Structures are given as structure tokens and as C-alpha cells.
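Peer 1: Got a structure for you, model-v5.csv, holding CSV, C-alpha atoms.
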chain,number,residue,atom,x,y,z
P,1,MET,CA,-25.7,-41.8,-9.9
P,2,VAL,CA,-25.6,-38.5,-8.1
P,3,ILE,CA,-28.9,-37.3,-9.6
P,4,ASN,CA,-30.6,-40.4,-8.3
P,5,ARG,CA,-29.3,-39.7,-4.8
P,6,ILE,CA,-30.6,-36.1,-5.0
P,7,PHE,CA,-34.0,-37.3,-6.0
P,8,PHE,CA,-34.0,-39.9,-3.2
P,9,ILE,CA,-33.2,-37.2,-0.7
P,10,GLY,CA,-35.9,-35.1,-2.3
P,11,ILE,CA,-38.4,-37.8,-1.5
P,12,ILE,CA,-37.2,-38.5,2.0
P,13,LEU,CA,-37.4,-34.8,2.9
P,14,GLY,CA,-40.2,-33.8,0.6
P,15,ILE,CA,-42.9,-36.2,1.7
P,16,PRO,CA,-42.8,-35.2,5.4
P,17,LEU,CA,-42.4,-31.5,4.5
P,18,SER,CA,-45.5,-31.8,2.2
P,19,VAL,CA,-47.5,-33.4,5.0
P,20,ALA,CA,-46.4,-30.7,7.4
P,21,ALA,CA,-47.1,-27.9,4.9
P,22,SER,CA,-50.7,-29.2,4.3
P,23,LEU,CA,-51.5,-29.8,8.0
P,24,MET,CA,-49.9,-26.6,9.3
P,25,HIS,CA,-51.1,-24.4,6.5
P,26,TRP,CA,-47.7,-23.0,5.5
P,27,PRO,CA,-47.5,-20.0,3.1
P,28,ALA,CA,-48.8,-20.9,-0.4
P,29,VAL,CA,-45.7,-20.1,-2.3
P,30,ALA,CA,-43.4,-22.1,0.0
P,31,SER,CA,-45.9,-25.0,0.0
P,32,PHE,CA,-46.2,-24.8,-3.8
P,33,ILE,CA,-42.4,-25.2,-4.2
P,34,ILE,CA,-42.2,-28.1,-1.7
P,35,TYR,CA,-45.1,-29.9,-3.5
P,36,CYS,CA,-43.6,-29.4,-7.0
P,37,VAL,CA,-40.1,-30.5,-6.0
P,38,THR,CA,-41.5,-33.6,-4.2
P,39,ILE,CA,-43.6,-34.6,-7.2
P,40,VAL,CA,-40.7,-34.2,-9.5
P,41,ALA,CA,-38.6,-36.4,-7.2
P,42,LEU,CA,-41.3,-39.0,-7.1
P,43,ALA,CA,-41.7,-38.8,-10.8
P,44,SER,CA,-38.0,-39.6,-11.3
P,45,PHE,CA,-38.5,-42.9,-9.4
P,46,MET,CA,-41.6,-43.7,-11.5
P,47,GLY,CA,-39.4,-43.1,-14.5
P,48,ARG,CA,-36.7,-45.5,-13.3
P,49,ALA,CA,-39.3,-48.1,-12.5
P,50,THR,CA,-40.9,-47.8,-16.0
P,51,GLU,CA,-37.4,-47.9,-17.6
P,52,SER,CA,-36.7,-51.2,-15.8
P,53,LEU,CA,-40.0,-52.6,-17.1
P,54,ALA,CA,-39.3,-51.3,-20.6
P,55,ILE,CA,-36.1,-53.3,-20.8
P,56,THR,CA,-38.0,-56.5,-20.3
P,57,VAL,CA,-41.1,-55.8,-22.4
P,58,GLY,CA,-39.6,-53.9,-25.4
P,59,PRO,CA,-39.6,-50.4,-26.8
P,60,ARG,CA,-43.3,-50.1,-27.8
P,61,VAL,CA,-44.8,-51.4,-24.5
P,62,GLY,CA,-42.0,-49.7,-22.5
P,63,GLY,CA,-42.8,-46.4,-24.1
P,64,LEU,CA,-46.5,-46.9,-23.5
P,65,LEU,CA,-45.9,-47.8,-19.8
P,66,ASN,CA,-43.7,-44.7,-19.4
P,67,ALA,CA,-46.3,-42.5,-21.0
P,68,THR,CA,-49.1,-44.0,-18.9
P,69,PHE,CA,-47.5,-43.6,-15.5
P,70,GLY,CA,-46.1,-40.2,-16.5
P,71,ASN,CA,-49.6,-39.1,-17.5
P,72,ALA,CA,-51.1,-40.7,-14.3
P,73,VAL,CA,-49.5,-37.8,-12.4
P,74,GLU,CA,-51.1,-35.2,-14.6
P,75,LEU,CA,-54.5,-37.0,-14.5
P,76,ILE,CA,-54.4,-37.0,-10.7
P,77,ILE,CA,-53.6,-33.3,-10.5
P,78,SER,CA,-56.2,-32.5,-13.1
P,79,ILE,CA,-59.0,-34.4,-11.4
P,80,PHE,CA,-58.3,-32.5,-8.1
P,81,ALA,CA,-58.2,-29.3,-10.1
P,82,LEU,CA,-61.6,-30.1,-11.7
P,83,LYS,CA,-63.0,-30.9,-8.3
P,84,ALA,CA,-61.9,-27.4,-7.2
P,85,GLY,CA,-63.6,-25.9,-10.3
P,86,LEU,CA,-60.4,-24.8,-12.0
P,87,VAL,CA,-61.5,-25.8,-15.5
P,88,SER,CA,-59.3,-23.3,-17.2
P,89,VAL,CA,-56.2,-24.7,-15.4
P,90,VAL,CA,-57.1,-28.2,-16.5
P,91,LEU,CA,-57.5,-27.2,-20.2
P,92,ALA,CA,-54.3,-25.2,-20.0
P,93,SER,CA,-52.4,-28.2,-18.5
P,94,LEU,CA,-53.7,-30.5,-21.3
P,95,THR,CA,-52.4,-27.9,-23.8
P,96,GLY,CA,-49.1,-27.7,-21.9
P,97,SER,CA,-48.8,-31.5,-22.0
P,98,VAL,CA,-49.2,-31.6,-25.7
P,99,LEU,CA,-46.7,-28.7,-26.2
P,100,GLY,CA,-44.3,-30.1,-23.6
P,101,ASN,CA,-44.3,-33.6,-25.0
P,102,LEU,CA,-43.9,-32.7,-28.6
P,103,LEU,CA,-41.7,-29.6,-28.4
P,104,LEU,CA,-39.9,-29.6,-25.1
P,105,VAL,CA,-39.4,-33.4,-24.6
P,106,GLY,CA,-39.1,-34.2,-28.2
P,107,GLY,CA,-36.9,-31.2,-28.9
P,108,LEU,CA,-34.6,-31.7,-25.9
P,109,SER,CA,-34.3,-35.4,-26.6
P,110,PHE,CA,-33.4,-34.9,-30.3
P,111,PHE,CA,-31.0,-32.2,-29.3
P,112,ILE,CA,-29.2,-34.1,-26.6
P,113,GLY,CA,-29.1,-37.3,-28.6
P,114,GLY,CA,-28.1,-35.5,-31.7
P,115,LEU,CA,-25.0,-34.0,-30.0
P,116,LYS,CA,-23.7,-37.5,-29.3
P,117,PHE,CA,-24.9,-39.2,-32.5
P,118,LYS,CA,-25.0,-37.3,-35.9
P,119,ARG,CA,-28.1,-39.2,-37.0
P,120,GLN,CA,-30.7,-41.1,-35.0
P,121,LYS,CA,-33.1,-43.3,-36.9
P,122,PHE,CA,-36.4,-44.8,-35.7
P,123,ASN,CA,-39.2,-46.8,-37.3
P,124,VAL,CA,-40.7,-44.7,-40.1
P,125,HIS,CA,-43.9,-46.8,-40.1
P,126,ASP,CA,-44.5,-45.9,-36.5
P,127,ALA,CA,-43.9,-42.2,-37.3
P,128,GLN,CA,-46.4,-42.2,-40.1
P,129,HIS,CA,-49.0,-44.1,-38.1
P,130,ASN,CA,-48.6,-41.6,-35.2
P,131,ALA,CA,-48.8,-38.7,-37.6
P,132,GLY,CA,-52.3,-39.7,-38.7
P,133,LEU,CA,-53.4,-40.2,-35.1
P,134,MET,CA,-52.1,-36.8,-34.0
P,135,ILE,CA,-53.9,-35.1,-36.8
P,136,PHE,CA,-57.1,-36.8,-35.7
P,137,ALA,CA,-56.6,-36.3,-32.0
P,138,ILE,CA,-55.6,-32.6,-32.1
P,139,VAL,CA,-56.8,-31.2,-35.4
P,140,VAL,CA,-60.1,-33.1,-35.9
P,141,ALA,CA,-61.3,-33.9,-32.3
P,142,PHE,CA,-60.2,-30.6,-30.7
P,143,VAL,CA,-60.9,-28.1,-33.6
P,144,PHE,CA,-64.4,-29.6,-34.3
P,145,PRO,CA,-65.9,-28.8,-30.8
P,146,GLU,CA,-64.2,-25.4,-30.9
P,147,VAL,CA,-65.9,-24.4,-34.1
P,148,PHE,CA,-69.3,-25.8,-33.2
P,149,SER,CA,-69.2,-24.2,-29.8
P,150,LEU,CA,-69.6,-20.8,-31.5
P,151,THR,CA,-73.2,-21.7,-32.4
P,152,LEU,CA,-74.1,-24.0,-29.4
P,153,ASP,CA,-74.9,-23.2,-25.8
P,154,ASN,CA,-72.9,-24.6,-22.9
P,155,HIS,CA,-75.1,-27.6,-22.4
P,156,GLU,CA,-75.0,-28.5,-26.1
P,157,SER,CA,-71.2,-28.0,-26.2
P,158,PHE,CA,-70.8,-30.3,-23.3
P,159,THR,CA,-73.0,-33.0,-24.9
P,160,LEU,CA,-70.9,-32.8,-28.1
P,161,SER,CA,-67.8,-33.1,-26.0
P,162,ILE,CA,-69.1,-36.2,-24.3
P,163,TRP,CA,-69.7,-37.9,-27.7
P,164,VAL,CA,-66.3,-36.8,-29.0
P,165,SER,CA,-64.6,-38.1,-25.8
P,166,ALA,CA,-66.4,-41.5,-26.0
P,167,ILE,CA,-65.3,-41.9,-29.6
P,168,MET,CA,-61.7,-40.9,-28.9
P,169,ILE,CA,-61.4,-43.4,-26.1
P,170,VAL,CA,-62.7,-46.2,-28.3
P,171,LEU,CA,-60.3,-45.2,-31.1
P,172,TYR,CA,-57.4,-45.0,-28.7
P,173,LEU,CA,-58.0,-48.5,-27.3
P,174,ALA,CA,-58.4,-49.7,-30.9
P,175,ALA,CA,-55.0,-48.1,-31.8
P,176,LEU,CA,-53.4,-49.9,-28.9
P,177,TYR,CA,-54.9,-53.2,-30.0
P,178,PHE,CA,-53.7,-52.5,-33.5
P,179,LYS,CA,-50.2,-51.7,-32.4
P,180,LEU,CA,-49.7,-54.3,-29.7
P,181,VAL,CA,-51.8,-57.2,-30.9
P,182,THR,CA,-53.0,-57.5,-34.5
P,183,HIS,CA,-50.0,-55.7,-36.1
P,184,ARG,CA,-47.4,-56.4,-33.5
P,185,GLY,CA,-44.1,-57.1,-35.3
P,186,VAL,CA,-45.6,-56.4,-38.8
P,187,TYR,CA,-43.7,-53.1,-38.9
P,188,ALA,CA,-40.7,-54.3,-37.0
P,189,TYR,CA,-37.6,-52.4,-36.3
P,190,ASP,CA,-34.9,-53.3,-38.8
P,191,GLU,CA,-31.2,-53.1,-38.4
P,192,GLU,CA,-31.1,-49.7,-40.0
P,193,SER,CA,-33.7,-48.2,-37.7
P,194,GLY,CA,-31.1,-47.1,-35.2
P,195,GLU,CA,-32.3,-49.3,-32.3
P,196,HIS,CA,-29.1,-51.0,-31.2
P,197,ASP,CA,-30.5,-53.5,-28.8
P,198,GLU,CA,-27.5,-54.2,-26.6
P,199,GLU,CA,-28.0,-56.5,-23.7
P,200,GLU,CA,-28.9,-54.2,-20.8
P,201,ALA,CA,-29.8,-55.3,-17.3
P,202,ALA,CA,-32.8,-53.8,-15.6
P,203,GLU,CA,-32.0,-51.6,-12.6
P,204,TRP,CA,-34.9,-53.1,-10.6
P,205,THR,CA,-36.8,-56.3,-10.7
P,206,LYS,CA,-40.4,-56.4,-12.2
P,207,LYS,CA,-41.9,-56.8,-8.7
P,208,LYS,CA,-39.9,-53.9,-7.2
P,209,SER,CA,-40.7,-51.7,-10.2
P,210,ILE,CA,-44.4,-52.3,-9.8
P,211,ASN,CA,-44.3,-51.6,-6.1
P,212,VAL,CA,-42.4,-48.4,-6.6
P,213,LEU,CA,-45.0,-47.3,-9.2
P,214,PHE,CA,-47.9,-48.1,-6.9
P,215,LEU,CA,-46.5,-46.3,-3.8
P,216,ALA,CA,-45.2,-43.3,-5.8
P,217,THR,CA,-48.6,-42.9,-7.5
P,218,LEU,CA,-50.3,-42.9,-4.1
P,219,ALA,CA,-47.9,-40.3,-2.7
P,220,VAL,CA,-48.4,-38.1,-5.8
P,221,ALA,CA,-52.1,-38.3,-5.4
P,222,TYR,CA,-51.9,-37.0,-1.9
P,223,ILE,CA,-49.5,-34.2,-2.7
P,224,SER,CA,-51.4,-33.2,-5.9
P,225,GLU,CA,-54.6,-32.5,-4.0
P,226,ASN,CA,-52.7,-30.0,-1.8
P,227,LEU,CA,-50.8,-28.5,-4.8
P,228,VAL,CA,-54.0,-27.6,-6.5
P,229,HIS,CA,-55.2,-25.5,-3.6
P,230,THR,CA,-52.1,-23.3,-3.9
P,231,PHE,CA,-52.6,-22.2,-7.5
P,232,GLU,CA,-54.8,-19.2,-7.0
P,233,GLU,CA,-52.7,-17.6,-4.2
P,234,VAL,CA,-49.4,-18.4,-6.0
P,235,GLY,CA,-50.8,-16.9,-9.2
P,236,ARG,CA,-51.6,-13.7,-7.3
P,237,ALA,CA,-48.3,-13.6,-5.5
P,238,LEU,CA,-46.1,-14.2,-8.5
P,239,GLY,CA,-48.2,-12.5,-11.2
P,240,TRP,CA,-48.9,-15.7,-13.1
P,241,SER,CA,-52.2,-16.3,-14.9
P,242,GLU,CA,-54.1,-19.6,-14.4
P,243,VAL,CA,-53.3,-20.4,-18.1
P,244,PHE,CA,-49.5,-20.0,-17.6
P,245,ILE,CA,-49.6,-22.1,-14.4
P,246,GLY,CA,-51.5,-24.8,-16.3
P,247,ILE,CA,-49.5,-24.7,-19.6
P,248,ILE,CA,-46.0,-24.4,-18.1
P,249,ILE,CA,-45.9,-25.4,-14.4
P,250,VAL,CA,-48.5,-28.1,-14.1
P,251,ALA,CA,-47.5,-29.7,-17.4
P,252,ILE,CA,-43.8,-29.8,-16.6
P,253,VAL,CA,-44.3,-31.0,-13.0
P,254,GLY,CA,-47.0,-33.5,-14.1
P,255,ASN,CA,-44.8,-35.0,-16.9
P,256,ALA,CA,-41.4,-34.9,-15.2
P,257,ALA,CA,-41.0,-38.7,-15.2
P,258,GLU,CA,-41.4,-39.1,-19.0
P,259,HIS,CA,-39.4,-36.0,-19.7
P,260,ALA,CA,-36.4,-37.4,-17.9
P,261,SER,CA,-36.8,-40.9,-19.4
P,262,ALA,CA,-37.2,-39.7,-23.0
P,263,VAL,CA,-34.0,-37.6,-22.8
P,264,LEU,CA,-32.1,-40.5,-21.2
P,265,MET,CA,-33.2,-42.9,-23.9
P,266,ALA,CA,-32.2,-40.5,-26.7
P,267,TYR,CA,-28.7,-40.2,-25.0
P,268,LYS,CA,-28.5,-44.0,-25.1
P,269,ASN,CA,-29.4,-43.9,-28.8
P,270,LYS,CA,-32.7,-45.6,-28.1
P,271,ILE,CA,-34.5,-42.9,-30.1
P,272,GLY,CA,-37.4,-45.3,-30.9
P,273,VAL,CA,-38.4,-45.4,-27.2
P,274,THR,CA,-38.0,-41.6,-27.0
P,275,VAL,CA,-40.4,-41.1,-29.9
P,276,GLU,CA,-42.8,-43.6,-28.4
P,277,ILE,CA,-42.7,-41.7,-25.1
P,278,ALA,CA,-43.0,-38.2,-26.5
P,279,VAL,CA,-45.6,-38.9,-29.3
P,280,GLY,CA,-47.3,-41.8,-27.5
P,281,SER,CA,-47.8,-39.6,-24.4
P,282,THR,CA,-49.3,-36.8,-26.5
P,283,LEU,CA,-51.7,-39.2,-28.1
P,284,GLN,CA,-52.6,-40.6,-24.7
P,285,ILE,CA,-53.2,-37.1,-23.3
P,286,ALA,CA,-55.4,-36.1,-26.3
P,287,MET,CA,-57.3,-39.4,-26.9
P,288,PHE,CA,-57.6,-40.8,-23.3
P,289,VAL,CA,-56.7,-38.3,-20.5
P,290,ALA,CA,-58.7,-35.4,-21.9
P,291,PRO,CA,-61.8,-37.5,-22.7
P,292,VAL,CA,-61.6,-39.1,-19.3
P,293,LEU,CA,-61.5,-35.7,-17.6
P,294,VAL,CA,-64.5,-34.6,-19.7
P,295,LEU,CA,-66.5,-37.6,-18.6
P,296,ALA,CA,-65.3,-37.2,-14.9
P,297,SER,CA,-66.5,-33.6,-14.9
P,298,MET,CA,-70.0,-34.9,-15.2
P,299,PHE,CA,-69.8,-35.8,-11.5
P,300,PHE,CA,-68.4,-32.3,-10.4
P,301,GLU,CA,-70.2,-29.0,-10.0
P,302,LYS,CA,-68.5,-27.4,-13.0
P,303,GLN,CA,-68.4,-29.4,-16.2
P,304,MET,CA,-65.5,-29.3,-18.7
P,305,SER,CA,-66.1,-29.2,-22.5
P,306,LEU,CA,-63.4,-29.9,-25.0
P,307,VAL,CA,-63.4,-26.2,-25.9
P,308,PHE,CA,-59.9,-24.6,-25.6
P,309,SER,CA,-59.1,-21.0,-26.0
P,310,LEU,CA,-57.9,-19.9,-29.5
P,311,PRO,CA,-54.2,-19.5,-28.4
P,312,GLU,CA,-54.2,-22.9,-26.8
P,313,LEU,CA,-55.8,-24.6,-29.9
P,314,VAL,CA,-53.6,-22.8,-32.4
P,315,SER,CA,-50.4,-23.6,-30.5
P,316,MET,CA,-51.3,-27.3,-30.3
P,317,VAL,CA,-52.1,-27.5,-34.0
P,318,LEU,CA,-48.9,-25.8,-34.9
P,319,ALA,CA,-46.9,-28.1,-32.6
P,320,VAL,CA,-48.5,-31.2,-34.2
P,321,PHE,CA,-47.7,-30.1,-37.8
P,322,LEU,CA,-44.1,-29.1,-36.9
P,323,THR,CA,-43.5,-32.4,-35.2
P,324,ILE,CA,-44.9,-34.4,-38.1
P,325,SER,CA,-42.8,-32.5,-40.6
P,326,ILE,CA,-39.7,-33.3,-38.5
P,327,THR,CA,-40.4,-36.9,-37.5
P,328,ASN,CA,-42.2,-38.3,-40.6
P,329,ASP,CA,-38.9,-39.4,-42.3
P,330,GLY,CA,-37.9,-41.6,-39.4
P,331,ASP,CA,-34.7,-39.7,-38.9
P,332,THR,CA,-33.6,-36.9,-36.6
P,333,ASN,CA,-30.6,-34.7,-35.5
P,334,TRP,CA,-29.6,-32.0,-33.1
P,335,PHE,CA,-30.8,-29.1,-35.3
P,336,GLU,CA,-34.3,-30.5,-35.6
P,337,GLY,CA,-34.4,-30.8,-31.8
P,338,LEU,CA,-33.3,-27.2,-31.5
P,339,THR,CA,-36.1,-26.2,-33.9
P,340,LEU,CA,-38.7,-27.8,-31.7
P,341,LEU,CA,-37.2,-26.2,-28.6
P,342,ALA,CA,-37.3,-22.8,-30.2
P,343,ALA,CA,-41.0,-23.2,-31.0
P,344,TYR,CA,-41.6,-24.2,-27.4
P,345,LEU,CA,-39.8,-21.0,-26.1
P,346,ILE,CA,-41.8,-18.8,-28.5
P,347,MET,CA,-45.1,-20.2,-27.3
P,348,GLY,CA,-44.0,-20.1,-23.6
P,349,VAL,CA,-43.2,-16.4,-23.8
P,350,GLY,CA,-46.5,-15.8,-25.6
P,351,PHE,CA,-48.5,-17.6,-22.9
P,352,TYR,CA,-46.6,-15.8,-20.1
P,353,LEU,CA,-47.7,-12.5,-21.6
P,354,LEU,CA,-51.3,-13.5,-21.9
Can you dump the structure from the file as C-alpha cells?
Peer 2:
Amino acid sequence: MVINRIFFIGIILGIPLSVAASLMHWPAVASFIIYCVTIVALASFMGRATESLAITVGPRVGGLLNATFGNAVELIISIFALKAGLVSVVLASLTGSVLGNLLLVGGLSFFIGGLKFKRQKFNVHDAQHNAGLMIFAIVVAFVFPEVFSLTLDNHESFTLSIWVSAIMIVLYLAALYFKLVTHRGVYAYDEESGEHDEEEAAEWTKKKSINVLFLATLAVAYISENLVHTFEEVGRALGWSEVFIGIIIVAIVGNAAEHASAVLMAYKNKIGVTVEIAVGSTLQIAMFVAPVLVLASMFFEKQMSLVFSLPELVSMVLAVFLTISITNDGDTNWFEGLTLLAAYLIMGVGFYLL
């Protein structure tokens, strides 16, 4: 495909240019663009590798792999941002990931898939299970520290965040065990679920896919550390706030792999994998990545509590309830996708003006 060649050229040119930009201290805006383009190109290869693995391991595990390696990019960027003391950027990027996965990725996937297929159906039991987890992860676990932080000092808020984070990680691991072990196949996809499992050959072998994921992740880690150091200067040069950089730029760049894969799966009428990527990635961000970052911040100079700004918190809660109302019936179409996209655009404009 032409797009794959473009991404390959992006990697071949981008990695040497990224190294040169960091060693020779090129202007921040130029370096920022080079780093972002290179990370997106690398993310596309990570997406192709996880898609090849998904063909052999099934939609649930495939969606989990895609979400995990997609979120690995953001986790790496966020750790370096935490190290640099940019806590507000990290919290904003977590918010952006939730909004991006549910509204942008979900909306674009449902819209593109819906233009080709009038109705796309997926496992309603998965949708209902995910709905409960999303309400816990966003509404319970994020709103609770926010409310209590009003009467707690910074140390107490951080202590509460550590406890919440530990509980969320345990529940997330339990959710994976439930889905992939104890109840695997109990709520199986039936013939009416829309998953037409045609025989499809994987693009790459399992060994090649794993090698690509490993090497791409290393390259992303190196480039991400340099990317973080351009944020402040780019914000001043372009008039962007740290919140906007985190919510829109970091979130989109960090999740580029799963964005592309989810839309592609929807176009192929594998809407179950799309939902697993979009919703599964959101749950992983909220229940694993965010808690890990809270715990990791214990080792940095500036600690990060699970206390978001009011606009960030409200936008995530609204995105969760809108997504649940659209996906809870196990059926979607292009208009529902457009509704999610409209919500993302409204929130994007709002955060730009902050």
C-alpha cells in the first residue's frame, strides 16, 4: 500500500533526522515536527505488527495487544514528561487519550465503517461489561480523588491517589483474568454479532511482528525523551497551552498506532476488534497507565496525584456516558460515529481556548 511506503520512508528519514535534531539542538518547532512525524510512522509499524498478531490470537487478545503497544508509546512519553516535572501535561495527555479513544477513534471508526456497512454489530455482553468498568474507572476512581482533594492537603491527596491507583491496577488485572481466562468464550461472538471471520493471512510472522514491536518501542522511547523537552518552547512559539499540547497533540501522537488500526478494522467490518481497541485502550489508560504513572512519580521530584482540572474531569465523564449510550446496544452506524466526532470537536475547541 502507498500509505505503508510513506510511513516506511518516514522512519528511514525520521530516525536519523531525530538523532541529528537532538544532538545539534535544532530549533524547537522544527524538532517537534520531526519527532511527532517519526513517532507516528513508528506507531504505524507497531499497528501493523499488532494486527498481524491479532489475526492469530483472536479479536479480544488482538485488541488488547493493540491497545497495550499503542499505550506503550504514551506511557513512555508521559514518564519522560513526569521526569521533567510537567505534571499538567501528563494529566492532560491522559485526558486526551480517554477523549481520543472514545470520541475520535470510536467516532471515526464507526463513521468510516458505517459508510460502507449500514449496520455493524458487536458483542453486546462485552459492551455492557466495558460500560460498568468505564463508569468505575472514570466516574468513581477519578471523581472521588477530585472531590476529596478539596479538603485534603497535597500530601494527603497523593496518599489517596496511591491507594486508588493500587486498587485500580488490581481490578484491571482481575478484569483481564475474567475476560481472557475464567469467562473466555462464555459470552462468545455469535453469527449475528457482525464478526465475519473470513480466513485472513497475517502480513508478518509472529517472530517478525514481535521484533518490530520491540525495536519500534526502543526508537519511540529515545525520540519521546527529546520530544518532551520541546513542549515549553513550542507552546510559547505557537501560543498553545500545556493543557492543549497534552490533550490534543501528545494524545494523538501517542495513540497513532491504535487510531489507525481501529479505523482499518471497522472498514473491514471487524467492528468487535475496533470496540476492543477504542474502549479497551481507554480502560487500560484509566486503570493501568494512569495508576502506574502515579506510582512512578514517587521516584521523581514532583509527584502526580489523580486530581484533574474540572474541565478535564467533566469532559471525560461526558465522553464515557455518551459512548455508553451509543455502544450499549451492540450496534452502531455512521451517524452515531459522527455524533462522537462532533463531541470531540466541541471539546477540542474548548481546550484550545483555555
Peer 1: Report the distance between CA of Asn4 (chain P) and CA of Ala260 (chain P) in Å, rounded to one decimal place.
Peer 2: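 Computing the Euclidean distance for CA of Asn4 (chain P) and CA of Ala260 (chain P) yields 11.6 Å.
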Peer 1: Find the residues with any atom within 12 Å of (-72.8, -30.3, -13.3); use only C-alpha atoms and the coordinates as given in the file, and write the answer as a PyMOL selection string.
Peer 2: chain P and resi 82-83+85+154-155+158-159+294-305
Peer 1: Please measure the separation of CA of Leu310 (chain P) and CA of Gly254 (chain P), giving the value in Å to one decimal.
Peer 2: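 It comes out at 23.3 Å.
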Peer 1: Would you mind listing what lies within 8 Å of region 341-353 of chain P as a compact mmCIF listing (two decimals) with C-alpha atoms, in the coordinates of the input, with all atoms listed in the file counted and same-chain residues fewer than 2 positions away left out?
Peer 2:
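New file result-v9.txt:
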# COMPACT_ATOMS: atom_id res chain seq x y z
CA LEU P 99 -46.70 -28.70 -26.20
CA GLY P 100 -44.30 -30.10 -23.60
CA LEU P 103 -41.70 -29.60 -28.40
CA LEU P 104 -39.90 -29.60 -25.10
CA GLY P 107 -36.90 -31.20 -28.90
CA LEU P 108 -34.60 -31.70 -25.90
CA TRP P 240 -48.90 -15.70 -13.10
CA SER P 241 -52.20 -16.30 -14.90
CA VAL P 243 -53.30 -20.40 -18.10
CA PHE P 244 -49.50 -20.00 -17.60
CA ILE P 247 -49.50 -24.70 -19.60
CA ILE P 248 -46.00 -24.40 -18.10
CA SER P 315 -50.40 -23.60 -30.50
CA ALA P 319 -46.90 -28.10 -32.60
CA GLY P 337 -34.40 -30.80 -31.80
CA LEU P 338 -33.30 -27.20 -31.50
CA THR P 339 -36.10 -26.20 -33.90
Peer 1: What's around Thr282 (chain P) at 10 Å? Count all atoms listed in the file, leave out sequence neighbours fewer than 2 positions away in its own chain, and write the answer as a list in words.
Peer 2: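 The filter keeps Ala67, Asn71, Leu94, Thr95, Ser97, Val98, Leu99, Gly100, Asn101, Leu102, Asn130, Met134, Ala137, Ile138, Glu276, Ile277, Ala278, Val279, Gly280, Gln284, Ile285, Ala286, Met287, Phe288, Val289 and Val320 of chain P.
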Peer 1: Report, in Å to a single decimal, how far apart CA of Lys207 (chain P) and CA of Ile39 (chain P) are.
Peer 2: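 Interatomic distance here is 22.3 Å.
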Peer 1: Counting only C-alpha atoms, which residue out of P:Ser31, P:Gln120, P:Ser93, P:Ser209 sits closest to Thr332 (chain P)?
Peer 2: P:Gln120
Peer 1: Taking all atoms listed in the file into account, which of P:Ile245, P:Ile169, P:Val105, P:Ala41 comes nearest Leu283 (chain P)?
Peer 2: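 Of all the options, P:Ile169 lies closest to Leu283 (chain P).
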Peer 1: For Gly113 (chain P), which of P:Val275, P:Leu264, P:Leu238, P:Leu354 is the closest residue, counting all atoms listed in the file?
Peer 2: P:Leu264
Peer 1: For a quick check of understanding, using only C-alpha atoms, which of P:Ser281, P:Val139, P:Pro16, P:Leu65 has the smallest distance to Glu51 (chain P)?
Peer 2: P:Leu65
Peer 1: From the options P:Leu293, P:Val250, P:Ile326, P:Val220, which residue's atoms come nearest to Gly96 (chain P), counting all atoms listed in the file?
Peer 2: P:Val250
Peer 1: Provide region 19-31 of chain P rebuilt to N, CA and C atoms, formatted as a compact mmCIF listing (two decimals), in the frame of the given file.
Peer 2:
# COMPACT_ATOMS: atom_id res chain seq x y z
N VAL P 19 -46.49 -33.11 3.95
CA VAL P 19 -47.50 -33.40 5.00
C VAL P 19 -47.61 -32.25 5.97
N ALA P 20 -46.44 -31.79 6.42
CA ALA P 20 -46.40 -30.70 7.40
C ALA P 20 -47.00 -29.42 6.81
N ALA P 21 -46.65 -29.14 5.55
CA ALA P 21 -47.10 -27.90 4.90
C ALA P 21 -48.67 -27.92 4.79
N SER P 22 -49.24 -29.11 4.48
CA SER P 22 -50.70 -29.20 4.30
C SER P 22 -51.42 -29.13 5.68
N LEU P 23 -50.86 -29.77 6.68
CA LEU P 23 -51.50 -29.80 8.00
C LEU P 23 -51.38 -28.51 8.76
N MET P 24 -50.20 -27.84 8.58
CA MET P 24 -49.90 -26.60 9.30
C MET P 24 -50.21 -25.35 8.55
N HIS P 25 -50.71 -25.53 7.31
CA HIS P 25 -51.10 -24.40 6.50
C HIS P 25 -49.96 -23.39 6.28
N TRP P 26 -48.83 -23.88 5.79
CA TRP P 26 -47.70 -23.00 5.50
C TRP P 26 -48.06 -22.02 4.37
N PRO P 27 -47.26 -20.94 4.19
CA PRO P 27 -47.50 -20.00 3.10
C PRO P 27 -47.63 -20.71 1.75
N ALA P 28 -48.52 -20.21 0.88
CA ALA P 28 -48.80 -20.90 -0.40
C ALA P 28 -47.62 -21.08 -1.28
N VAL P 29 -46.80 -20.02 -1.41
CA VAL P 29 -45.70 -20.10 -2.30
C VAL P 29 -44.65 -21.15 -1.85
N ALA P 30 -44.35 -21.16 -0.54
CA ALA P 30 -43.40 -22.10 0.00
C ALA P 30 -43.98 -23.56 -0.15
N SER P 31 -45.26 -23.72 0.13
CA SER P 31 -45.90 -25.00 0.00
C SER P 31 -45.88 -25.48 -1.48
